[in-house]
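Next up, upload23.txt (compact mmCIF, C-alpha atoms (C1' of nucleotides)):
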```txt
# COMPACT_ATOMS: atom_id res chain seq x y z
CA MET A 1 12.75 -42.06 7.69
CA SER A 2 15.36 -41.96 10.43
CA ASP A 3 14.38 -41.85 14.09
CA ALA A 4 15.61 -38.28 14.36
CA GLU A 5 13.60 -37.20 11.35
CA GLN A 6 10.57 -38.96 12.80
CA THR A 7 10.70 -36.99 16.04
CA ARG A 8 11.22 -33.80 14.06
CA GLN A 9 8.10 -34.52 12.03
CA LYS A 10 6.19 -35.42 15.16
CA ILE A 11 7.15 -32.09 16.70
CA LEU A 12 6.11 -30.25 13.56
CA ALA A 13 2.77 -32.03 13.40
CA VAL A 14 1.90 -31.43 17.04
CA ALA A 15 3.12 -27.83 16.91
CA ALA A 16 1.03 -27.24 13.79
CA GLU A 17 -2.07 -28.43 15.64
CA GLU A 18 -1.34 -26.39 18.75
CA ILE A 19 -0.62 -23.23 16.80
CA HIS A 20 -3.78 -23.76 14.76
CA GLN A 21 -5.86 -24.13 17.88
CA HIS A 22 -4.34 -21.58 20.23
CA GLY A 23 -2.30 -19.25 18.05
CA PHE A 24 1.47 -18.99 18.01
CA GLN A 25 2.08 -16.87 21.08
CA ALA A 26 -0.33 -18.79 23.27
CA THR A 27 1.15 -22.11 22.22
CA SER A 28 3.24 -23.51 25.04
CA LEU A 29 6.40 -25.45 24.31
CA SER A 30 5.84 -27.65 27.33
CA THR A 31 2.46 -28.67 25.96
CA ILE A 32 4.13 -29.72 22.73
CA LEU A 33 6.75 -31.64 24.68
CA ASN A 34 4.11 -33.45 26.71
CA ARG A 35 2.02 -34.37 23.69
CA CYS A 36 5.10 -35.59 21.84
CA GLY A 37 6.43 -37.44 24.86
CA ILE A 38 9.84 -35.90 24.44
CA SER A 39 12.09 -33.64 26.47
CA LYS A 40 13.08 -30.04 26.02
CA GLY A 41 16.49 -31.18 24.90
CA ALA A 42 14.94 -32.97 21.93
CA LEU A 43 13.01 -29.94 20.79
CA TYR A 44 15.97 -27.59 21.07
CA TYR A 45 18.14 -30.08 19.27
CA HIS A 46 15.92 -29.84 16.20
CA PHE A 47 14.91 -26.16 16.41
CA THR A 48 16.96 -23.22 17.61
CA ASN A 49 14.01 -21.49 19.29
CA LYS A 50 10.25 -21.13 19.32
CA LEU A 51 10.21 -18.68 16.41
CA GLU A 52 12.17 -21.00 14.15
CA LEU A 53 9.81 -23.81 15.07
CA GLY A 54 6.95 -21.54 14.05
CA TYR A 55 8.58 -20.75 10.72
CA ALA A 56 9.19 -24.44 10.09
CA VAL A 57 5.56 -25.28 10.82
CA PHE A 58 4.50 -22.55 8.44
CA GLU A 59 6.75 -23.61 5.60
CA GLU A 60 6.62 -27.37 5.96
CA ASN A 61 3.01 -27.83 7.02
CA TYR A 62 0.78 -24.85 6.39
CA ILE A 63 2.07 -23.88 2.94
CA PRO A 64 1.85 -27.33 1.37
CA VAL A 65 -1.58 -27.97 2.86
CA PHE A 66 -2.80 -24.54 1.80
CA LEU A 67 -1.60 -24.89 -1.77
CA GLY A 68 -2.79 -28.47 -1.85
CA THR A 69 -6.35 -27.39 -1.18
CA TRP A 70 -6.53 -24.38 -3.53
CA GLN A 71 -4.49 -25.72 -6.45
CA PRO A 72 -6.83 -28.50 -7.62
CA ALA A 73 -9.78 -26.13 -7.65
CA LEU A 74 -7.94 -23.63 -9.79
CA SER A 75 -6.48 -26.08 -12.28
CA GLN A 76 -9.91 -27.32 -13.32
CA ASN A 77 -10.87 -26.75 -16.93
CA ASP A 78 -13.37 -24.24 -15.66
CA PRO A 79 -11.72 -22.50 -12.68
CA ILE A 80 -14.90 -20.54 -12.00
CA GLU A 81 -16.84 -23.71 -11.37
CA GLY A 82 -13.76 -25.20 -9.76
CA LEU A 83 -13.70 -22.46 -7.16
CA CYS A 84 -17.42 -22.66 -6.50
CA GLU A 85 -17.33 -26.41 -6.06
CA PHE A 86 -14.27 -26.04 -3.86
CA PHE A 87 -16.03 -23.57 -1.59
CA THR A 88 -19.27 -25.51 -1.52
CA SER A 89 -17.62 -28.80 -0.69
CA MET A 90 -15.72 -27.01 2.06
CA CYS A 91 -19.06 -25.93 3.50
CA ASN A 92 -20.38 -29.45 3.52
CA SER A 93 -17.31 -31.24 4.77
CA MET A 94 -16.50 -28.67 7.42
CA VAL A 95 -16.39 -30.25 10.84
CA CYS A 96 -16.83 -28.29 14.03
CA ASN A 97 -13.14 -28.16 14.80
CA GLU A 98 -12.28 -26.53 11.48
CA ALA A 99 -15.11 -24.07 11.83
CA VAL A 100 -13.92 -22.99 15.23
CA CYS A 101 -10.21 -22.84 14.49
CA GLY A 102 -10.36 -21.13 11.12
CA CYS A 103 -7.74 -21.07 8.41
CA PRO A 104 -4.20 -21.46 9.84
CA LEU A 105 -2.79 -18.94 7.39
CA ASN A 106 -5.38 -16.31 8.15
CA ASN A 107 -5.01 -16.92 11.88
CA LEU A 108 -1.28 -16.33 11.75
CA CYS A 109 -1.84 -13.27 9.62
CA GLU A 110 -4.18 -11.77 12.16
CA GLU A 111 -1.99 -12.63 15.11
CA MET A 112 1.59 -12.29 13.93
CA ALA A 113 1.72 -9.98 10.91
CA ASN A 114 2.28 -6.91 13.05
CA VAL A 115 4.28 -8.71 15.72
CA ASP A 116 7.05 -10.48 13.84
CA GLU A 117 8.50 -9.51 10.50
CA GLY A 118 9.57 -13.04 9.66
CA PHE A 119 6.01 -14.28 9.89
CA ARG A 120 4.67 -11.24 8.05
CA LEU A 121 6.91 -11.75 5.04
CA ARG A 122 6.18 -15.45 4.85
CA ILE A 123 2.44 -14.82 5.03
CA LEU A 124 2.67 -12.06 2.46
CA SER A 125 4.60 -14.27 0.09
CA MET A 126 1.98 -17.01 0.42
CA GLN A 127 -0.86 -14.60 -0.21
CA GLU A 128 0.84 -13.22 -3.28
CA LYS A 129 1.37 -16.73 -4.56
CA LEU A 130 -2.30 -17.58 -4.10
CA ASN A 131 -3.28 -14.35 -5.76
CA ALA A 132 -1.02 -15.14 -8.72
CA LEU A 133 -2.58 -18.59 -9.00
CA ILE A 134 -6.07 -17.18 -9.15
CA VAL A 135 -5.10 -14.49 -11.63
CA GLU A 136 -3.46 -17.11 -13.82
CA SER A 137 -6.52 -19.31 -13.87
CA LEU A 138 -8.78 -16.35 -14.62
CA GLU A 139 -6.56 -15.27 -17.50
CA ARG A 140 -6.73 -18.78 -18.85
CA VAL A 141 -10.48 -18.42 -19.40
CA GLN A 142 -10.36 -14.71 -20.08
CA GLY A 143 -12.52 -15.15 -23.18
CA ASP A 144 -15.48 -16.37 -21.13
CA LEU A 145 -15.29 -13.52 -18.65
CA ARG A 146 -16.73 -10.02 -18.60
CA ASP A 147 -14.61 -7.19 -19.93
CA ASN A 148 -13.12 -4.53 -17.65
CA LEU A 149 -12.34 -7.01 -14.91
CA VAL A 150 -9.20 -6.27 -12.92
CA PHE A 151 -8.08 -9.84 -12.29
CA SER A 152 -5.74 -9.16 -9.40
CA GLN A 153 -8.41 -7.09 -7.70
CA VAL A 154 -10.98 -9.81 -8.21
CA ALA A 155 -8.57 -12.41 -6.83
CA TYR A 156 -7.85 -10.46 -3.67
CA PHE A 157 -11.55 -9.84 -3.27
CA ILE A 158 -12.33 -13.53 -3.39
CA VAL A 159 -9.66 -14.43 -0.86
CA ALA A 160 -10.63 -11.58 1.45
CA THR A 161 -14.25 -12.66 1.45
CA PHE A 162 -13.31 -16.25 2.10
CA HIS A 163 -11.18 -15.32 5.08
CA GLY A 164 -13.84 -12.98 6.35
CA ALA A 165 -16.29 -15.86 6.18
CA THR A 166 -14.10 -18.02 8.39
CA SER A 167 -13.85 -15.17 10.88
CA LEU A 168 -17.62 -14.91 11.02
CA THR A 169 -17.87 -18.63 11.61
CA LYS A 170 -15.56 -18.48 14.60
CA SER A 171 -17.84 -16.29 16.64
CA SER A 172 -21.13 -17.79 15.55
CA ARG A 173 -20.06 -21.44 15.57
CA ASN A 174 -22.64 -21.71 12.90
CA LYS A 175 -21.83 -23.46 9.65
CA GLU A 176 -24.86 -21.84 8.08
CA LEU A 177 -23.40 -18.36 8.34
CA PHE A 178 -20.30 -19.57 6.53
CA GLN A 179 -22.53 -21.18 3.96
CA GLN A 180 -24.44 -17.96 3.39
CA VAL A 181 -21.33 -15.92 2.71
CA ILE A 182 -19.99 -18.66 0.46
CA THR A 183 -23.28 -18.83 -1.42
CA GLU A 184 -23.14 -15.12 -2.06
CA LEU A 185 -19.48 -15.41 -3.01
CA CYS A 186 -20.32 -18.08 -5.57
CA LEU A 187 -23.00 -15.82 -7.01
CA TYR A 188 -20.36 -13.13 -7.39
CA ILE A 189 -17.82 -15.51 -8.92
CA ARG A 190 -20.24 -16.97 -11.43
CA ALA A 191 -21.29 -13.45 -12.38
CA LEU A 192 -17.75 -12.89 -13.59
CA LYS A 193 -18.70 -14.84 -16.66
CA LYS A 194 -20.24 -13.12 -19.63
CA MET B 1 -16.31 13.12 36.70
CA SER B 2 -14.97 11.90 40.02
CA ASP B 3 -11.30 11.06 40.46
CA ALA B 4 -12.11 7.39 40.74
CA GLU B 5 -14.14 7.43 37.56
CA GLN B 6 -11.33 9.27 35.83
CA THR B 7 -8.77 6.60 36.64
CA ARG B 8 -11.25 3.95 35.55
CA GLN B 9 -11.67 5.67 32.20
CA LYS B 10 -7.92 6.08 31.87
CA ILE B 11 -7.43 2.37 32.45
CA LEU B 12 -10.11 1.55 29.90
CA ALA B 13 -8.60 3.85 27.29
CA VAL B 14 -5.06 2.55 27.71
CA ALA B 15 -6.24 -1.06 27.85
CA ALA B 16 -8.25 -0.53 24.67
CA GLU B 17 -5.14 0.68 22.87
CA GLU B 18 -2.96 -2.12 24.16
CA ILE B 19 -5.49 -4.81 23.29
CA HIS B 20 -5.94 -3.31 19.85
CA GLN B 21 -2.21 -3.34 19.21
CA HIS B 22 -1.13 -6.60 20.82
CA GLY B 23 -4.29 -8.63 21.26
CA PHE B 24 -5.92 -9.50 24.56
CA GLN B 25 -3.74 -12.37 25.72
CA ALA B 26 -0.47 -10.65 24.84
CA THR B 27 -1.52 -7.48 26.60
CA SER B 28 0.37 -7.16 29.86
CA LEU B 29 -1.31 -5.69 32.90
CA SER B 30 1.99 -4.22 34.08
CA THR B 31 2.29 -2.31 30.79
CA ILE B 32 -1.14 -0.84 31.37
CA LEU B 33 -0.19 0.08 34.93
CA ASN B 34 3.00 1.79 33.77
CA ARG B 35 1.28 3.74 31.01
CA CYS B 36 -1.46 4.83 33.40
CA GLY B 37 0.99 5.62 36.18
CA ILE B 38 -1.05 3.68 38.69
CA SER B 39 -0.51 0.66 40.90
CA LYS B 40 -1.86 -2.83 40.71
CA GLY B 41 -4.10 -2.07 43.64
CA ALA B 42 -5.86 0.61 41.61
CA LEU B 43 -6.54 -1.68 38.69
CA TYR B 44 -7.86 -4.49 40.83
CA TYR B 45 -10.02 -2.07 42.74
CA HIS B 46 -11.89 -1.17 39.54
CA PHE B 47 -11.81 -4.56 37.80
CA THR B 48 -12.01 -8.00 39.33
CA ASN B 49 -9.55 -9.55 36.88
CA LYS B 50 -8.03 -9.26 33.41
CA LEU B 51 -10.99 -10.90 31.71
CA GLU B 52 -13.49 -8.47 33.23
CA LEU B 53 -11.25 -5.61 32.15
CA GLY B 54 -11.34 -7.03 28.64
CA TYR B 55 -15.12 -7.26 28.68
CA ALA B 56 -15.37 -3.68 29.93
CA VAL B 57 -13.08 -2.45 27.14
CA PHE B 58 -15.21 -4.30 24.63
CA GLU B 59 -18.53 -2.97 25.85
CA GLU B 60 -17.57 0.55 26.82
CA ASN B 61 -15.05 1.34 24.09
CA TYR B 62 -15.16 -0.99 21.12
CA ILE B 63 -18.93 -1.30 20.74
CA PRO B 64 -19.72 2.45 20.83
CA VAL B 65 -16.87 3.25 18.44
CA PHE B 66 -17.84 0.43 16.14
CA LEU B 67 -21.49 1.43 15.96
CA GLY B 68 -20.50 5.07 15.75
CA THR B 69 -18.61 4.44 12.54
CA TRP B 70 -21.11 2.18 10.78
CA GLN B 71 -24.35 3.84 11.85
CA PRO B 72 -23.99 7.15 9.99
CA ALA B 73 -23.18 5.39 6.75
CA LEU B 74 -26.26 3.22 7.00
CA SER B 75 -28.70 5.93 7.99
CA GLN B 76 -28.03 7.95 4.83
CA ASN B 77 -30.95 8.43 2.49
CA ASP B 78 -29.18 6.12 0.09
CA PRO B 79 -27.46 3.45 2.24
CA ILE B 80 -25.84 1.93 -0.84
CA GLU B 81 -23.96 5.12 -1.56
CA GLY B 82 -23.56 5.66 2.17
CA LEU B 83 -21.70 2.38 2.51
CA CYS B 84 -19.53 3.02 -0.54
CA GLU B 85 -18.56 6.48 0.64
CA PHE B 86 -17.92 5.09 4.11
CA PHE B 87 -15.57 2.45 2.76
CA THR B 88 -13.85 4.83 0.36
CA SER B 89 -13.28 7.50 2.96
CA MET B 90 -11.86 4.83 5.22
CA CYS B 91 -9.37 3.96 2.49
CA ASN B 92 -8.25 7.55 2.18
CA SER B 93 -8.11 8.45 5.84
CA MET B 94 -6.48 5.22 6.91
CA VAL B 95 -3.19 5.88 8.62
CA CYS B 96 -0.46 3.29 8.94
CA ASN B 97 -1.32 2.42 12.50
CA GLU B 98 -4.90 1.52 11.66
CA ALA B 99 -3.82 -0.46 8.64
CA VAL B 100 -1.44 -2.53 10.72
CA CYS B 101 -3.67 -3.07 13.75
CA GLY B 102 -6.90 -3.86 11.94
CA CYS B 103 -10.42 -3.68 13.28
CA PRO B 104 -10.54 -4.23 17.07
CA LEU B 105 -13.71 -6.28 16.81
CA ASN B 106 -12.37 -8.56 14.12
CA ASN B 107 -9.08 -8.93 15.98
CA LEU B 108 -10.82 -10.07 19.12
CA CYS B 109 -13.01 -12.39 17.10
CA GLU B 110 -9.99 -14.08 15.55
CA GLU B 111 -8.11 -14.31 18.81
CA MET B 112 -10.69 -14.94 21.49
CA ALA B 113 -13.82 -16.44 19.94
CA ASN B 114 -12.62 -19.98 20.47
CA VAL B 115 -10.75 -19.23 23.69
CA ASP B 116 -13.31 -17.56 25.91
CA GLU B 117 -17.07 -17.92 25.74
CA GLY B 118 -17.68 -14.50 27.27
CA PHE B 119 -15.83 -12.79 24.47
CA ARG B 120 -17.40 -15.02 21.84
CA LEU B 121 -20.95 -14.18 22.86
CA ARG B 122 -20.24 -10.46 23.04
CA ILE B 123 -18.63 -10.50 19.60
CA LEU B 124 -21.47 -12.55 18.17
CA SER B 125 -24.04 -10.17 19.58
CA MET B 126 -22.23 -7.21 18.03
CA GLN B 127 -22.00 -8.90 14.66
CA GLU B 128 -25.68 -9.75 14.72
CA LYS B 129 -26.49 -6.16 15.59
CA LEU B 130 -24.43 -4.86 12.68
CA ASN B 131 -26.05 -7.38 10.40
CA ALA B 132 -29.49 -6.28 11.52
CA LEU B 133 -28.56 -2.67 10.87
CA ILE B 134 -27.47 -3.41 7.33
CA VAL B 135 -30.52 -5.54 6.63
CA GLU B 136 -32.74 -2.75 7.92
CA SER B 137 -31.17 -0.17 5.68
CA LEU B 138 -31.40 -2.42 2.66
CA GLU B 139 -35.06 -3.11 3.32
CA ARG B 140 -35.63 0.60 3.52
CA VAL B 141 -34.64 1.00 -0.15
CA GLN B 142 -35.89 -2.40 -1.21
CA GLY B 143 -37.69 -0.87 -4.16
CA ASP B 144 -34.45 0.27 -5.76
CA LEU B 145 -32.75 -3.11 -5.37
CA ARG B 146 -32.68 -6.23 -7.50
CA ASP B 147 -35.19 -8.94 -6.79
CA ASN B 148 -34.20 -12.26 -5.25
CA LEU B 149 -31.67 -10.70 -2.92
CA VAL B 150 -31.29 -12.41 0.45
CA PHE B 151 -30.62 -9.34 2.56
CA SER B 152 -29.10 -11.06 5.56
CA GLN B 153 -26.82 -13.03 3.28
CA VAL B 154 -25.76 -9.88 1.47
CA ALA B 155 -25.12 -8.12 4.77
CA TYR B 156 -22.89 -10.89 6.11
CA PHE B 157 -21.10 -10.97 2.78
CA ILE B 158 -20.28 -7.28 2.96
CA VAL B 159 -18.99 -7.47 6.50
CA ALA B 160 -16.97 -10.60 5.78
CA THR B 161 -15.30 -8.99 2.79
CA PHE B 162 -14.53 -5.86 4.75
CA HIS B 163 -12.91 -7.83 7.55
CA GLY B 164 -11.03 -9.96 5.06
CA ALA B 165 -9.71 -6.76 3.51
CA THR B 166 -8.29 -5.59 6.82
CA SER B 167 -6.62 -8.95 7.27
CA LEU B 168 -4.98 -8.64 3.86
CA THR B 169 -3.74 -5.18 4.75
CA LYS B 170 -2.04 -6.44 7.89
CA SER B 171 0.39 -8.67 6.07
CA SER B 172 1.00 -6.43 3.08
CA ARG B 173 1.16 -3.13 4.96
CA ASN B 174 -0.13 -1.80 1.70
CA LYS B 175 -3.10 0.52 1.68
CA GLU B 176 -3.52 -0.14 -2.04
CA LEU B 177 -4.45 -3.76 -1.47
CA PHE B 178 -7.15 -2.66 0.94
CA GLN B 179 -8.27 -0.13 -1.62
CA GLN B 180 -8.51 -2.77 -4.34
CA VAL B 181 -10.72 -5.06 -2.28
CA ILE B 182 -12.87 -2.10 -1.26
CA THR B 183 -13.17 -0.95 -4.85
CA GLU B 184 -14.39 -4.37 -5.87
CA LEU B 185 -16.71 -4.45 -2.87
CA CYS B 186 -18.24 -1.13 -3.92
CA LEU B 187 -18.79 -2.50 -7.41
CA TYR B 188 -20.63 -5.41 -5.83
CA ILE B 189 -22.67 -3.18 -3.55
CA ARG B 190 -23.69 -0.78 -6.29
CA ALA B 191 -24.66 -3.74 -8.43
CA LEU B 192 -27.30 -4.55 -5.85
CA LYS B 193 -29.35 -1.77 -7.38
CA LYS B 194 -31.65 -2.45 -10.28
C1' DC C 1 -12.18 14.29 67.49
C1' DT C 2 -12.66 9.96 65.66
C1' DT C 3 -14.38 6.33 63.12
C1' DG C 4 -15.03 4.34 58.59
C1' DC C 5 -14.74 3.63 54.00
C1' DA C 6 -13.40 4.76 49.25
C1' DA C 7 -9.37 4.72 46.55
C1' DC C 8 -5.58 3.51 46.00
C1' DA C 9 0.13 1.94 46.73
C1' DG C 10 3.26 -1.63 46.53
C1' DA C 11 5.35 -5.79 48.36
C1' DC C 12 4.61 -10.43 47.69
C1' DC C 13 3.25 -15.01 45.59
C1' DA C 14 2.94 -19.34 42.85
C1' DA C 15 2.91 -20.64 38.21
C1' DT C 16 4.58 -20.54 33.79
C1' DC C 17 7.26 -18.88 30.10
C1' DG C 18 11.25 -19.55 26.64
C1' DG C 19 15.82 -20.84 26.91
C1' DT C 20 20.51 -22.92 28.67
C1' DT C 21 23.46 -26.37 30.48
C1' DT C 22 25.06 -30.56 31.75
C1' DG C 23 24.66 -35.40 31.52
C1' DT C 24 23.57 -39.80 29.28
C1' DT C 25 23.05 -43.26 25.75
C1' DA C 26 23.45 -45.58 21.44
C1' DT C 27 25.74 -45.83 17.23
C1' DT C 28 29.43 -45.38 14.07
C1' DG C 29 33.93 -44.75 11.87
C1' DT C 30 38.84 -45.77 12.78
C1' DA D 1 38.95 -51.04 21.82
C1' DC D 2 38.22 -46.33 21.68
C1' DA D 3 36.96 -41.77 20.49
C1' DA D 4 33.50 -38.99 18.48
C1' DT D 5 29.21 -37.58 17.48
C1' DA D 6 24.13 -37.67 16.91
C1' DA D 7 20.07 -37.62 19.57
C1' DC D 8 18.23 -36.90 23.11
C1' DA D 9 16.83 -36.41 28.90
C1' DA D 10 16.12 -33.42 32.51
C1' DA D 11 17.55 -30.23 35.95
C1' DC D 12 18.01 -25.54 36.16
C1' DC D 13 17.58 -20.40 35.24
C1' DG D 14 15.92 -15.55 35.12
C1' DA D 15 12.08 -13.09 33.63
C1' DT D 16 7.30 -12.30 33.50
C1' DT D 17 2.60 -13.44 34.18
C1' DG D 18 -2.04 -12.65 36.56
C1' DG D 19 -3.48 -12.29 41.08
C1' DT D 20 -3.49 -11.45 46.43
C1' DC D 21 -2.64 -9.17 50.70
C1' DT D 22 -1.46 -5.76 53.76
C1' DG D 23 -0.90 -1.04 54.31
C1' DT D 24 -1.80 3.85 53.82
C1' DT D 25 -4.03 8.13 52.68
C1' DG D 26 -7.72 11.57 52.32
C1' DC D 27 -12.22 12.84 52.95
C1' DA D 28 -16.79 12.67 54.97
C1' DA D 29 -20.26 11.49 58.27
C1' DG D 30 -21.42 11.22 63.12
```

Let's see the structure in the file written out as structure tokens.
Amino acid sequence: MSDAEQTRQKILAVAAEEIHQHGFQATSLSTILNRCGISKGALYYHFTNKLELGYAVFEENYIPVFLGTWQPALSQNDPIEGLCEFFTSMCNSMVCNEAVCGCPLNNLCEEMANVDEGFRLRILSMQEKLNALIVESLERVQGDLRDNLVFSQVAYFIVATFHGATSLTKSSRNKELFQQVITELCLYIRALKK
Amino acid sequence: MSDAEQTRQKILAVAAEEIHQHGFQATSLSTILNRCGISKGALYYHFTNKLELGYAVFEENYIPVFLGTWQPALSQNDPIEGLCEFFTSMCNSMVCNEAVCGCPLNNLCEEMANVDEGFRLRILSMQEKLNALIVESLERVQGDLRDNLVFSQVAYFIVATFHGATSLTKSSRNKELFQQVITELCLYIRALKK
DNA sequence: CTTGCAACAGACCAATCGGTTTGTTATTGT
DNA sequence: ACAATAACAAACCGATTGGTCTGTTGCAAG
């Protein structure tokens, strides 16, 4: 990796952290510069403005990480159990920082969806992709599931509940609350089976 | 109502709107001043600083409205149907502005819970109150419900899903998505009965 | 009649914001 | 050897932020 590409990646990584912790609008470019040990010239050489930096963080960091965490769970032989194990292990491995900062995608959705159209469309596209993934995996084991299920509806329900759980955790700073919602969610998911 | 109290209420009302639409941090005091047609001196006569204004909005506007919308649903003879009708009517009556701006409480939770402890504790207290309300109403009709239900867990689950649904609606700007999650949530809630 | 305070008005302030511009350095092709 | 460009450094800029300070006005009590 070239020097230039290295600084670009460094910027992306630091910006991703800052945006995750403080939100996009509250993230200060000068903080990023300080943490990276670079100048403003460097940043504006690699990114045309703050918004484009935000988009780059979203596409090059958040999306891959997001898909990388959901995909394996859904490609299990039994996606129902895959999801439940995924959620449960997330409960157990969750460190304080994650609990407090929430899901980067959901954070951006809450903050930027009605502020900037570019963010909104990117978030929407990601959510639709995740929904499609879940629907796919449910269809794959359709035979084991109850009749009359509306897969897309079920998929959105699962994601909504998950994101709601992270929101609850932010205010309570209590892993147990997250765990409770997840436990109930797993009960719901397993009840999808015949 | 005295003149002074009137301006105070005006400030609170306008601030509540601005915070709902743009979040607390992105809300500009000068915007509030302009919309109210008052000076900075007036605002700082009634509130010591921006944070205290935010707290006042939360306690004097958001909390009463929030409780005022959930309470009636839960005090129905049949809280299960009360909740479902509450959610469904919210789907139908939801105008674009509400869909885009989301729930004020959840917004503040996402934005401020890990930024300011004062906000976090107020939000937490409100969430616990709502949870207690739901638990109460479930206990009231305990006889009609399935055994082995953990009421508090169920209550948090319902609220989490509801808030997750509003988040989904923000990015999609699609009432139907909200409706789908709510439909599935009502299925879940009704399935709590024997 | 005047003194005092509640209820503001509005100029002013330092700090910070995102963004621009100019300058410098190291490398590379010719 | 030289010109060109990539990859920055850093001073600078206008706008805006939350917050302060000094006035000013109207009413009410003494």

Residue list for chain B near chain D as a list in words, 10 Å, all atoms listed in the file =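 Written out as asked, the residues are Ser28, Leu29, Ser30, Lys40, Gly41, Tyr44, Thr48, Asn49 and Lys50 of chain B.
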
Determine which residues of chain C sit within 9 Å of chain A, taking into account all atoms listed in the file, and present them as number ranges by chain.
-> C: 17-19

Could you list the residues in chain B lying within 8 Å of chain A, using all atoms listed in the file, and format the result as a PyMOL selection string?
-> chain B and resi 22-23+25-26+100-101+106-107+109-111+113-115+120-121+123-124+153-154+156-157+159-165+167-168+170-172+177+180-181+184-185+188

Once you add 3 Å to each side, what are the centre and edge lengths of the axis-aligned box holding all listed atoms of segment 152-155 of chain B? One decimal in Å, as lines of an AutoDock Vina configuration file, if you can.
```
center_x = -27.1
center_y = -10.6
center_z = 3.5
size_x = 10.0
size_y = 10.9
size_z = 10.1
```

When you draw a straight line from atom CA of Glu81 of chain A to atom CA of Leu192 of chain A, how long is it in Å?
->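 Distance between the two atoms: 11.1 Å.
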
Would you mind reading off the distance between atom CA of Glu176 of chain B and atom CA of Leu145 of chain A, one decimal, in Å?
->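 Going from atom CA of Glu176 of chain B over to atom CA of Leu145 of chain A covers 24.4 Å.
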
Mind checking which residues fall within 10 Å of Leu67 of chain A, counting all atoms listed in the file, ignoring those fewer than 4 positions away in the same chain, and posting them as a VMD selection string?
-> chain A and resid 62 to 63 71 to 72 126 129 to 130 133

Can you pull out every residue within 8 Å of segment 56-59 of chain A, counting all atoms listed in the file, but drop anything in the same chain fewer than 3 positions away, and send it as a list in words?
->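 In the requested format, the answer is Leu12, Ala13, Ala15, Ala16, Glu52, Leu53, Tyr62, Ile63 and Pro64 of chain A.
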
Just the residues within 10 Å of Arg140 of chain A, please, counting only C-alpha atoms (C1' of nucleotides), with nothing from its chain fewer than 5 positions along; format it as a count of residues only.
-> 6

One decimal, Å: what's the distance from atom CA of His20 of chain A over to atom CA of Cys96 of chain B, could you say?
->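 Distance between the two atoms: 27.9 Å.
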
Within 10 Å of Ala42 of chain A, counting all atoms listed in the file, which residues qualify if same-chain residues fewer than 4 places away don't, as a PyMOL selection string?
-> (chain A and resi 4+7-8+11+33+38+46-47) or (chain D and resi 7-9)

Using all atoms listed in the file, find the one residue out of A:Asn34, A:Asp147, A:Tyr45, A:Cys91 that sits nearest to Glu5 of chain A.
-> A:Tyr45
